[in-house]
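J.: This one is work_27.pdb, PDB, C-alpha atoms and all ligand atoms.
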```pdb
ATOM      1  CA  MET A 494     -33.659   4.194  20.428
ATOM      2  CA  PRO A 495     -37.012   4.467  18.570
ATOM      3  CA  THR A 496     -36.860   4.264  14.796
ATOM      4  CA  LEU A 497     -38.192   7.018  12.537
ATOM      5  CA  GLU A 498     -41.244   4.882  11.780
ATOM      6  CA  THR A 499     -42.048   4.450  15.490
ATOM      7  CA  LEU A 500     -41.614   8.185  16.058
ATOM      8  CA  ARG A 501     -43.862   8.997  13.123
ATOM      9  CA  ARG A 502     -46.621   6.710  14.482
ATOM     10  CA  GLU A 503     -46.340   8.192  17.980
ATOM     11  CA  ALA A 504     -46.259  11.803  16.764
ATOM     12  CA  ALA A 505     -49.491  11.182  14.840
ATOM     13  CA  HIS A 506     -51.324  11.191  18.202
ATOM     14  CA  CYS A 507     -49.410  14.048  19.803
ATOM     15  CA  GLU A 508     -51.434  16.488  21.891
ATOM     16  CA  ARG A 509     -48.563  18.253  23.596
ATOM     17  CA  CYS A 510     -49.831  21.660  22.449
ATOM     18  CA  GLU A 511     -53.078  23.169  21.094
ATOM     19  CA  LEU A 512     -52.048  23.029  17.427
ATOM     20  CA  TYR A 513     -53.226  19.441  16.881
ATOM     21  CA  ARG A 514     -56.862  20.533  17.403
ATOM     22  CA  ARG A 515     -57.409  22.435  14.144
ATOM     23  CA  ALA A 516     -54.752  20.993  11.874
ATOM     24  CA  THR A 517     -55.569  18.024   9.625
ATOM     25  CA  GLN A 518     -52.694  15.838  10.749
ATOM     26  CA  THR A 519     -49.173  15.680  12.138
ATOM     27  CA  VAL A 520     -46.630  16.331   9.405
ATOM     28  CA  PHE A 521     -43.567  14.358  10.350
ATOM     29  CA  GLY A 522     -40.157  14.499   8.651
ATOM     30  CA  GLU A 523     -39.205  12.542   5.535
ATOM     31  CA  GLY A 524     -35.945  11.046   4.363
ATOM     32  CA  THR A 525     -33.486   8.409   5.383
ATOM     33  CA  ALA A 526     -31.718   7.676   8.641
ATOM     34  CA  GLY A 527     -28.014   8.532   8.350
ATOM     35  CA  ALA A 528     -28.695  11.307   5.792
ATOM     36  CA  ASP A 529     -25.866  13.762   5.083
ATOM     37  CA  LEU A 530     -28.078  16.813   5.560
ATOM     38  CA  MET A 531     -31.068  17.326   7.815
ATOM     39  CA  LEU A 532     -33.062  20.382   6.776
ATOM     40  CA  VAL A 533     -35.348  21.885   9.396
ATOM     41  CA  GLY A 534     -38.071  24.362   8.442
ATOM     42  CA  GLU A 535     -40.691  26.170  10.483
ATOM     43  CA  GLU A 536     -44.069  24.381  10.358
ATOM     44  CA  PRO A 537     -46.203  22.712   7.673
ATOM     45  CA  GLY A 538     -48.158  25.030   5.413
ATOM     46  CA  ASP A 539     -51.655  24.568   4.012
ATOM     47  CA  ARG A 540     -50.577  22.065   1.338
ATOM     48  CA  GLU A 541     -48.322  20.110   3.682
ATOM     49  CA  ASP A 542     -51.111  19.900   6.228
ATOM     50  CA  LEU A 543     -53.446  18.348   3.659
ATOM     51  CA  ALA A 544     -50.811  16.063   2.127
ATOM     52  CA  GLY A 545     -49.271  15.031   5.463
ATOM     53  CA  ARG A 546     -45.801  15.592   3.977
ATOM     54  CA  PRO A 547     -43.242  18.361   4.628
ATOM     55  CA  PHE A 548     -42.122  20.860   1.971
ATOM     56  CA  VAL A 549     -44.515  19.888  -0.807
ATOM     57  CA  GLY A 550     -45.681  23.472  -1.502
ATOM     58  CA  PRO A 551     -43.920  26.211  -3.555
ATOM     59  CA  ALA A 552     -41.259  26.804  -0.860
ATOM     60  CA  GLY A 553     -40.535  23.067  -0.851
ATOM     61  CA  ALA A 554     -40.196  22.995  -4.645
ATOM     62  CA  LEU A 555     -37.709  25.858  -4.464
ATOM     63  CA  LEU A 556     -35.756  24.131  -1.690
ATOM     64  CA  HIS A 557     -35.507  20.883  -3.689
ATOM     65  CA  THR A 558     -34.332  22.741  -6.814
ATOM     66  CA  VAL A 559     -31.633  24.649  -4.934
ATOM     67  CA  LEU A 560     -30.500  21.485  -3.128
ATOM     68  CA  ALA A 561     -30.196  19.681  -6.446
ATOM     69  CA  GLU A 562     -27.927  22.498  -7.650
ATOM     70  CA  VAL A 563     -25.686  22.922  -4.619
ATOM     71  CA  ALA A 564     -25.581  19.439  -3.082
ATOM     72  CA  PRO A 565     -26.678  16.952  -5.746
ATOM     73  CA  ALA A 566     -24.861  14.022  -4.193
ATOM     74  CA  ARG A 567     -26.020  14.531  -0.595
ATOM     75  CA  SER A 568     -28.743  12.467   0.972
ATOM     76  CA  THR A 569     -31.304  14.514   2.888
ATOM     77  CA  TYR A 570     -33.897  14.318   5.641
ATOM     78  CA  ILE A 571     -36.444  17.152   5.672
ATOM     79  CA  THR A 572     -38.620  18.158   8.580
ATOM     80  CA  ASN A 573     -40.097  21.103  10.486
ATOM     81  CA  ALA A 574     -39.477  22.433  13.989
ATOM     82  CA  VAL A 575     -43.257  22.374  14.637
ATOM     83  CA  LYS A 576     -45.240  19.446  13.265
ATOM     84  CA  HIS A 577     -48.773  20.887  13.070
ATOM     85  CA  PHE A 578     -50.084  23.699  10.858
ATOM     86  CA  ASN A 579     -50.888  26.923  12.717
ATOM     87  CA  PHE A 580     -53.314  29.176  10.841
ATOM     88  CA  ILE A 581     -56.178  31.633  10.929
ATOM     89  CA  GLU A 582     -59.204  31.352   8.659
ATOM     90  CA  ARG A 583     -60.030  34.171   6.265
ATOM     91  CA  GLY A 584     -63.114  33.160   4.343
ATOM     92  CA  LYS A 585     -62.273  29.850   2.769
ATOM     93  CA  ARG A 586     -58.548  30.435   3.006
ATOM     94  CA  ARG A 587     -56.308  29.242   5.813
ATOM     95  CA  ILE A 588     -53.550  31.767   6.415
ATOM     96  CA  HIS A 589     -50.282  30.581   7.900
ATOM     97  CA  VAL A 590     -49.448  31.949  11.368
ATOM     98  CA  LYS A 591     -45.927  31.771  12.765
ATOM     99  CA  PRO A 592     -45.742  29.298  15.662
ATOM    100  CA  LYS A 593     -45.216  30.718  19.142
ATOM    101  CA  VAL A 594     -42.333  29.828  21.428
ATOM    102  CA  ILE A 595     -44.640  27.530  23.459
ATOM    103  CA  HIS A 596     -45.364  25.549  20.280
ATOM    104  CA  ILE A 597     -41.662  25.338  19.395
ATOM    105  CA  GLU A 598     -40.803  24.172  22.901
ATOM    106  CA  ALA A 599     -43.672  21.678  23.062
ATOM    107  CA  CYS A 600     -42.559  20.160  19.781
ATOM    108  CA  GLU A 601     -38.874  20.082  20.651
ATOM    109  CA  PRO A 602     -38.875  16.448  21.902
ATOM    110  CA  TRP A 603     -39.989  15.308  18.422
ATOM    111  CA  LEU A 604     -37.228  17.274  16.741
ATOM    112  CA  ASP A 605     -34.645  15.969  19.209
ATOM    113  CA  ALA A 606     -35.869  12.399  18.652
ATOM    114  CA  GLU A 607     -35.661  12.865  14.874
ATOM    115  CA  VAL A 608     -32.082  14.166  15.113
ATOM    116  CA  ALA A 609     -31.161  11.208  17.349
ATOM    117  CA  ALA A 610     -32.747   8.729  14.922
ATOM    118  CA  VAL A 611     -31.373  10.310  11.730
ATOM    119  CA  GLN A 612     -27.887  11.221  13.039
ATOM    120  CA  PRO A 613     -27.230  13.596  10.127
ATOM    121  CA  ARG A 614     -23.741  14.901   9.478
ATOM    122  CA  LEU A 615     -24.950  18.494   9.162
ATOM    123  CA  ILE A 616     -28.219  20.176  10.184
ATOM    124  CA  VAL A 617     -29.536  23.160   8.207
ATOM    125  CA  ALA A 618     -31.779  25.578  10.110
ATOM    126  CA  LEU A 619     -34.138  27.254   7.622
ATOM    127  CA  GLY A 620     -35.353  30.509   9.167
ATOM    128  CA  ALA A 621     -35.879  31.942  12.631
ATOM    129  CA  THR A 622     -38.178  29.250  14.049
ATOM    130  CA  ALA A 623     -35.768  26.461  13.146
ATOM    131  CA  VAL A 624     -32.840  28.471  14.529
ATOM    132  CA  ARG A 625     -34.755  29.006  17.793
ATOM    133  CA  ALA A 626     -35.585  25.305  18.033
ATOM    134  CA  LEU A 627     -32.066  24.104  17.236
ATOM    135  CA  LEU A 628     -29.858  26.746  18.843
ATOM    136  CA  GLY A 629     -32.084  28.481  21.381
ATOM    137  CA  PRO A 630     -32.788  32.228  21.626
ATOM    138  CA  GLY A 631     -30.256  34.919  20.763
ATOM    139  CA  VAL A 632     -29.049  33.770  17.337
ATOM    140  CA  GLY A 633     -30.255  36.088  14.579
ATOM    141  CA  VAL A 634     -30.723  34.651  11.097
ATOM    142  CA  LEU A 635     -29.630  37.571   8.939
ATOM    143  CA  GLU A 636     -26.355  38.300  10.724
ATOM    144  CA  ASN A 637     -25.446  34.617  10.953
ATOM    145  CA  ARG A 638     -26.612  33.183   7.658
ATOM    146  CA  GLY A 639     -24.084  30.884   6.047
ATOM    147  CA  LYS A 640     -22.347  30.219   9.394
ATOM    148  CA  LEU A 641     -21.992  26.990  11.340
ATOM    149  CA  PHE A 642     -22.851  26.730  15.015
ATOM    150  CA  PRO A 643     -22.207  23.933  17.489
ATOM    151  CA  SER A 644     -25.449  22.452  18.848
ATOM    152  CA  ARG A 645     -26.746  20.418  21.773
ATOM    153  CA  PHE A 646     -26.761  17.380  19.470
ATOM    154  CA  GLY A 647     -23.010  17.499  18.891
ATOM    155  CA  ILE A 648     -23.803  18.098  15.205
ATOM    156  CA  PRO A 649     -23.054  21.472  13.561
ATOM    157  CA  VAL A 650     -25.991  23.627  12.538
ATOM    158  CA  LEU A 651     -25.844  25.812   9.423
ATOM    159  CA  VAL A 652     -28.007  28.940   9.657
ATOM    160  CA  THR A 653     -29.877  30.338   6.662
ATOM    161  CA  ILE A 654     -33.251  31.803   5.677
ATOM    162  CA  HIS A 655     -36.471  29.875   4.988
ATOM    163  CA  PRO A 656     -37.096  29.422   1.244
ATOM    164  CA  ALA A 657     -40.577  30.942   1.727
ATOM    165  CA  ALA A 658     -38.818  34.272   2.403
ATOM    166  CA  ILE A 659     -37.472  34.180  -1.173
ATOM    167  CA  LEU A 660     -40.980  33.749  -2.547
ATOM    168  CA  ARG A 661     -42.163  36.727  -0.514
ATOM    169  CA  ALA A 662     -39.556  39.068  -2.086
ATOM    170  CA  ILE A 663     -41.280  42.039  -3.696
ATOM    171  CA  ASP A 664     -40.086  41.716  -7.288
ATOM    172  CA  THR A 665     -38.320  39.354  -9.663
ATOM    173  CA  ASP A 666     -34.925  40.984  -9.162
ATOM    174  CA  SER A 667     -35.100  40.706  -5.367
ATOM    175  CA  ARG A 668     -36.288  37.109  -5.673
ATOM    176  CA  ARG A 669     -33.349  36.296  -7.935
ATOM    177  CA  ARG A 670     -30.917  37.943  -5.509
ATOM    178  CA  GLU A 671     -32.421  36.154  -2.496
ATOM    179  CA  ARG A 672     -32.337  32.813  -4.233
ATOM    180  CA  LYS A 673     -28.661  33.304  -5.096
ATOM    181  CA  SER A 674     -27.803  34.236  -1.492
ATOM    182  CA  PHE A 675     -29.723  31.220  -0.208
ATOM    183  CA  ALA A 676     -27.815  28.894  -2.550
ATOM    184  CA  ASN A 677     -24.546  30.561  -1.492
ATOM    185  CA  ASP A 678     -25.382  30.031   2.197
ATOM    186  CA  LEU A 679     -25.880  26.323   1.588
ATOM    187  CA  ARG A 680     -22.825  26.033  -0.647
ATOM    188  CA  ARG A 681     -20.597  27.920   1.768
ATOM    189  CA  GLY A 682     -21.894  26.107   4.880
ATOM    190  CA  ILE A 683     -21.459  22.691   3.298
ATOM    191  CA  ALA A 684     -17.954  23.607   2.112
ATOM    192  CA  LEU A 685     -17.017  24.840   5.596
ATOM    193  CA  PHE A 686     -18.355  21.658   7.088
ATOM    194  CA  ASP A 687     -16.367  19.572   4.603
ATOM    195  CA  ARG A 688     -13.197  21.454   5.529
ATOM    196  CA  GLY A 689     -13.644  20.606   9.213
ATOM    197  CA  ALA A 690     -15.172  22.148  12.312
ATOM    198  CA  MET A 691     -13.010  25.296  12.321
ATOM    199  CA  GLU A 692     -15.821  27.679  11.594
ATOM    200  CA  GLU A 693     -17.886  26.328  14.466
ATOM    201  CA  THR A 694     -15.594  28.240  16.782
ATOM    202  CA  VAL A 695     -15.929  31.351  14.662
ATOM    203  CA  GLY A 696     -19.688  30.985  14.820
ATOM    204  CA  MET A 697     -19.592  30.525  18.559
ATOM    205  CA  ALA A 698     -17.288  33.535  18.970
ATOM    206  CA  THR A 699     -19.670  35.697  16.946
ATOM    207  CA  ARG A 700     -22.535  34.530  19.092
ATOM    208  CA  LYS A 701     -20.669  35.223  22.351
ATOM    209  CA  LYS A 702     -19.504  38.609  21.055
ATOM    210  CA  THR A 703     -23.059  39.544  20.072
ATOM    211  CA  THR A 704     -24.386  38.450  23.469
ATOM    212  CA  ARG A 705     -21.638  40.420  25.267
ATOM    213  CA  LYS A 706     -22.370  43.493  23.145
ATOM    214  CA  LYS A 707     -26.093  43.179  23.840
ATOM    215  CA  THR A 708     -25.522  42.814  27.612
ATOM    216  CA  ALA A 709     -23.212  45.870  27.675
ATOM    217  CA  ALA A 710     -25.724  47.880  25.630
ATOM    218  CA  LYS A 711     -28.554  46.805  27.963
ATOM    219  CA  LYS A 712     -26.535  47.829  31.050
ATOM    220  CA  SER A 713     -25.659  51.247  29.685
ATOM    221  CA  THR A 714     -29.278  51.855  28.568
ATOM    222  CA  ALA A 715     -30.493  50.908  32.070
ATOM    223  CA  LYS A 716     -27.917  53.301  33.593
ATOM    224  CA  ARG A 717     -28.966  56.130  31.306
ATOM    225  CA  THR A 718     -32.658  55.531  32.019
ATOM    226  CA  THR A 719     -32.092  55.591  35.816
ATOM    227  CA  ALA A 720     -30.029  58.802  35.526
ATOM    228  CA  LYS A 721     -32.736  60.409  33.372
ATOM    229  CA  LYS A 722     -35.474  59.388  35.814
ATOM    230  CA  THR A 723     -33.533  60.794  38.771
ATOM    231  CA  THR A 724     -32.929  64.090  36.960
ATOM    232  CA  ALA A 725     -36.550  64.265  35.868
ATOM    233  CA  LYS A 726     -37.685  63.560  39.419
ATOM    234  CA  LYS A 727     -35.421  66.281  40.772
ATOM    235  CA  LYS A 728     -36.659  68.727  38.168
ATOM    236  CA  THR A 729     -40.321  67.988  38.788
ATOM    237  CA  THR A 730     -40.071  68.348  42.571
ATOM    238  CA  ARG A 731     -41.527  71.812  43.094
ATOM    239  CA  LYS A 732     -40.687  73.942  46.020
ATOM    240  CA  TYR A 733     -43.969  75.377  47.240
ATOM    241  CA  SER A 734     -44.193  77.769  50.141
ATOM    242  CA  LYS A 735     -45.431  76.064  53.301
ATOM    243  CA  LYS A 736     -48.930  77.536  52.951
ATOM    244  CA  ALA A 737     -49.204  76.726  49.234
ATOM    245  CA  GLY A 738     -47.964  73.210  49.920
ATOM    246  CA  SER A 739     -50.693  72.594  52.481
ATOM    247  CA  LYS A 740     -53.319  73.959  50.066
ATOM    248  CA  VAL A 741     -52.178  71.570  47.307
ATOM    249  CA  LYS A 742     -52.084  68.747  49.856
ATOM    250  CA  LYS A 743     -55.659  69.475  50.922
ATOM    251  CA  VAL A 744     -56.879  69.466  47.316
ATOM    252  CA  MET A 745     -55.062  66.202  46.701
ATOM    253  CA  GLU A 746     -56.758  64.645  49.730
ATOM    254  CA  GLU A 747     -60.134  65.657  48.292
ATOM    255  CA  PHE A 748     -59.061  64.162  44.970
ATOM    256  CA  SER A 749     -58.046  60.880  46.643
ATOM    257  CA  SER A 750     -61.397  60.603  48.409
ATOM    258  CA  GLY A 751     -63.173  61.252  45.082
ATOM    259  CA  LYS A 752     -64.810  64.468  46.281
ATOM    260  CA  LEU A 753     -62.851  66.980  44.217
ATOM    261  CA  ARG A 754     -64.928  68.799  41.592
ATOM    262  CA  SER A 755     -63.847  71.259  38.936
ATOM    263  CA  GLY A 756     -64.714  74.853  39.789
ATOM    264  CA  ARG A 757     -65.625  75.604  36.155
ATOM    265  CA  SER A 758     -67.634  72.604  35.032
ATOM    266  CA  GLY A 759     -68.622  71.222  38.428
ATOM    267  CA  LYS A 760     -67.645  67.771  37.152
ATOM    268  CA  LYS A 761     -65.754  65.277  39.284
ATOM    269  CA  VAL A 762     -61.988  65.509  38.763
ATOM    270  CA  THR A 763     -60.524  62.185  37.681
ATOM    271  CA  SER A 764     -57.045  63.230  36.598
ATOM    272  CA  ARG A 765     -54.244  63.623  39.115
ATOM    273  CA  LYS A 766     -52.602  66.228  36.900
ATOM    274  CA  GLN A 767     -55.798  68.291  36.852
ATOM    275  CA  ALA A 768     -56.079  67.974  40.643
ATOM    276  CA  ILE A 769     -52.542  69.318  41.113
ATOM    277  CA  ALA A 770     -53.337  72.179  38.721
ATOM    278  CA  ILE A 771     -56.449  73.050  40.761
ATOM    279  CA  GLY A 772     -54.405  72.985  43.991
ATOM    280  CA  ILE A 773     -51.782  75.288  42.507
ATOM    281  CA  SER A 774     -54.284  77.738  41.069
ATOM    282  CA  GLU A 775     -56.153  77.880  44.395
ATOM    283  CA  ALA A 776     -52.880  78.517  46.226
ATOM    284  CA  ARG A 777     -51.994  81.252  43.706
ATOM    285  CA  ALA A 778     -55.432  82.784  44.038
ATOM    286  CA  GLU A 779     -54.755  83.132  47.759
ATOM    287  CA  GLY A 780     -51.489  84.930  46.981
ATOM    288  CA  ASP A 781     -49.108  82.072  47.740
ATOM    289  CA  LYS A 782     -45.853  81.749  45.898
ATOM    290  CA  VAL A 783     -45.822  78.770  43.576
ATOM    291  CA  PRO A 784     -42.977  78.277  41.100
ATOM    292  CA  SER A 785     -43.979  77.642  37.496
ATOM    293  CA  ALA A 786     -43.701  74.096  36.200
ATOM    294  CA  PRO A 787     -40.197  73.103  35.121
ATOM    295  CA  LYS A 788     -39.595  72.148  31.505
ATOM    296  CA  ARG A 789     -39.834  68.391  31.048
ATOM    297  CA  SER A 790     -36.527  66.761  30.239
ATOM    298  CA  ARG A 791     -36.508  64.591  27.130
TER
HETATM  299  S1  LIG A 801     -47.214  20.925  17.162
HETATM  300 FE1  LIG A 801     -45.841  19.345  17.926
HETATM  301  S2  LIG A 801     -46.142  19.389  20.132
HETATM  302 FE2  LIG A 801     -47.870  20.466  19.217
HETATM  303  S3  LIG A 801     -49.398  18.871  19.001
HETATM  304 FE3  LIG A 801     -48.292  18.963  17.088
HETATM  305  S4  LIG A 801     -46.714  17.434  17.241
HETATM  306 FE4  LIG A 801     -47.473  17.797  19.287
END
```
Could you show the structure in this file as structure tokens?

T.:
Amino acid sequence: MPTLETLRREAAHCERCELYRRATQTVFGEGTAGADLMLVGEEPGDREDLAGRPFVGPAGALLHTVLAEVAPARSTYITNAVKHFNFIERGKRRIHVKPKVIHIEACEPWLDAEVAAVQPRLIVALGATAVRALLGPGVGVLENRGKLFPSRFGIPVLVTIHPAAILRAIDTDSRRRERKSFANDLRRGIALFDRGAMEETVGMATRKKTTRKKTAAKKSTAKRTTAKKTTAKKKTTRKYSKKAGSKVKKVMEEFSSGKLRSGRSGKKVTSRKQAIAIGISEARAEGDKVPSAPKRSR
């Protein structure tokens, strides 16, 4: 198995996705093999990109402070799900852009190799990108924060928010609240892990329940939509008299061949709806019976 140093050297030349082109360098994880906690963030930010080190910006400072409070005795390894900075330029500033799923998937082999080399006791997924990379799609952060999930690595994953989300809170009070919840997530997850793997099953059950609920909701929505469409179709099928029907048909043929022109403006008719209206009014003008349009169902 490659060591962390070998992986770091190899990742420095990675071109598995487009992100390497504009970023300064690969920002690989930092910490020791065999660490108690492996913390996985989203992607390097502007400062990390320049320094070549993960979590050295304001979000990193916050993470280190909270870790020192809630898990002072635990050794850590810190990394990101995506190893290159994704950004857009606005003047001289480089604005962080969330990585896409293709970037997360392209970078997954590096994350998997890091987990294999570090063999942490517990992995902490910080935010949606890390959760997607570690647990796949379908696990929401907010409804699962503070919970442990089993993972493909055979190591439990604790779900929580990214510390950058705390910094984005609108005012001091919200920031204080968010910081407290973040610390509680870590405290609770670590305590659960220390007590054993019991909560993994709870986490899994929640996930399965959510998936089942979503599937049932999807099915019933699909059913309702089909029923609505059928009703709407029935309602919009007008019963013209035979003569009126052939008049509308004739107008529609003209419309299809691009020859239909408006009687008022003389302009070419480009809308199907307008063409039908012309057909109906012509049929009415000739005294044919045409029912008025049904009310559209909502
Ligand atoms: S983001 Fe990951 S996969 Fe993409 S180039 Fe960088 S290291 Fe390679």

J.: Neighbours of ligand LIG 801 (chain A) at 8 Å or closer, counting all atoms listed in the file: which residues, as a PDB file with C-alpha atoms, in the coordinates of the input?

T.:
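What ended up in selection-v9.pdb:
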```pdb
ATOM      1  CA  ALA A 504     -46.259  11.803  16.764  1.00  0.00           C
ATOM      2  CA  ALA A 505     -49.491  11.182  14.840  1.00  0.00           C
ATOM      3  CA  HIS A 506     -51.324  11.191  18.202  1.00  0.00           C
ATOM      4  CA  CYS A 507     -49.410  14.048  19.803  1.00  0.00           C
ATOM      5  CA  GLU A 508     -51.434  16.488  21.891  1.00  0.00           C
ATOM      6  CA  ARG A 509     -48.563  18.253  23.596  1.00  0.00           C
ATOM      7  CA  CYS A 510     -49.831  21.660  22.449  1.00  0.00           C
ATOM      8  CA  GLU A 511     -53.078  23.169  21.094  1.00  0.00           C
ATOM      9  CA  LEU A 512     -52.048  23.029  17.427  1.00  0.00           C
ATOM     10  CA  TYR A 513     -53.226  19.441  16.881  1.00  0.00           C
ATOM     11  CA  ARG A 514     -56.862  20.533  17.403  1.00  0.00           C
ATOM     12  CA  THR A 519     -49.173  15.680  12.138  1.00  0.00           C
ATOM     13  CA  VAL A 520     -46.630  16.331   9.405  1.00  0.00           C
ATOM     14  CA  VAL A 575     -43.257  22.374  14.637  1.00  0.00           C
ATOM     15  CA  LYS A 576     -45.240  19.446  13.265  1.00  0.00           C
ATOM     16  CA  HIS A 577     -48.773  20.887  13.070  1.00  0.00           C
ATOM     17  CA  PHE A 578     -50.084  23.699  10.858  1.00  0.00           C
ATOM     18  CA  HIS A 596     -45.364  25.549  20.280  1.00  0.00           C
ATOM     19  CA  ILE A 597     -41.662  25.338  19.395  1.00  0.00           C
ATOM     20  CA  GLU A 598     -40.803  24.172  22.901  1.00  0.00           C
ATOM     21  CA  ALA A 599     -43.672  21.678  23.062  1.00  0.00           C
ATOM     22  CA  CYS A 600     -42.559  20.160  19.781  1.00  0.00           C
ATOM     23  CA  GLU A 601     -38.874  20.082  20.651  1.00  0.00           C
ATOM     24  CA  TRP A 603     -39.989  15.308  18.422  1.00  0.00           C
TER      25      TRP A 603
END
```

J.: What is the distance between CA of Thr622 in chain A and CA of Val590 in chain A, in Å to one decimal?

T.: 11.9 Å

J.: Step by step, work through what the PyMOL selection byres (((chain A and resi 621) around 12) and not hetatm) selects in the shown file, and finish by giving those residues as an MDAnalysis selection string.

T.: chainID A and resid 533:536 573:574 591:594 597 617:620 622:638 652:658

J.: Using all atoms listed in the file, find each residue of range 543-632 of chain A with at least one atom at most 8 Å away from an atom of range 497-501 of chain A; report its shortest atom-to-atom pair and that distance in Å (one decimal), sort the rows by chain and rising residue number, and return the result as a tab-separated table.

T.:
```
residue	atom	partner	partner_atom	distance
A:Trp603	CA	A:Leu500	CA	7.7
A:Ala606	CA	A:Leu500	CA	7.6
A:Glu607	CA	A:Leu497	CA	6.8
A:Ala610	CA	A:Leu497	CA	6.2
A:Val611	CA	A:Leu497	CA	7.6
```

J.: Let me know the centre plus edge lengths, in Å and rounded to one decimal, of a box with edges along x, y and z that contains all listed atoms of range 498-507 of chain A and is padded by 4 Å on every side, as lines of an AutoDock Vina configuration file.

T.:
```
center_x = -46.3
center_y = 9.2
center_z = 15.8
size_x = 18.1
size_y = 17.6
size_z = 16.0
```

J.: Using all atoms listed in the file, list the residues that have an atom at most 8 Å from (-50.9, 20.5, 7.4), coordinates as in the file, as a list in words.

T.: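 In the file's frame, the residues around the point are Ala516, Thr517, Gln518, Thr519, Val520, Pro537, Gly538, Asp539, Arg540, Glu541, Asp542, Leu543, Ala544, Gly545, Arg546, His577 and Phe578 of chain A.
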
J.: Find the distance between CA of Lys742 in chain A and CA of Ala776 in chain A and write it in Å to one decimal.

T.: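 That distance, rounded to one decimal, is 10.5 Å.
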
J.: Please measure the separation of CA of Asp605 in chain A and CA of Ser568 in chain A, giving the value in Å to one decimal.

T.: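 According to the coordinates, CA of Asp605 in chain A and CA of Ser568 in chain A are separated by 19.5 Å.
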
J.: Using all atoms listed in the file, can you tell me which of A:Leu660, A:Ile769, A:Leu560, A:Ala778 comes closest to Met531 in chain A?

T.: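 Closest residue, counting all atoms listed in the file: A:Leu560.
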
J.: Between A:Gly522, A:Ile659, A:Pro602, A:Phe580, which has the minimum distance to Leu556 in chain A (counting all atoms listed in the file)?

T.: A:Ile659

J.: Identify, on the basis of only C-alpha atoms, every residue whose closest approach to Lys743 in chain A does not exceed 12 Å; exclude the query and any residue fewer than 2 positions from it along the same chain; express the result as a ChimeraX atom specification.

T.: /A:736-741,745-750,752-753,768-769,771-773,775-776

J.: Between A:Leu532, A:Leu651, A:Ile663, A:Val549, which has the minimum distance to Arg681 in chain A (counting all atoms listed in the file)?

T.: A:Leu651
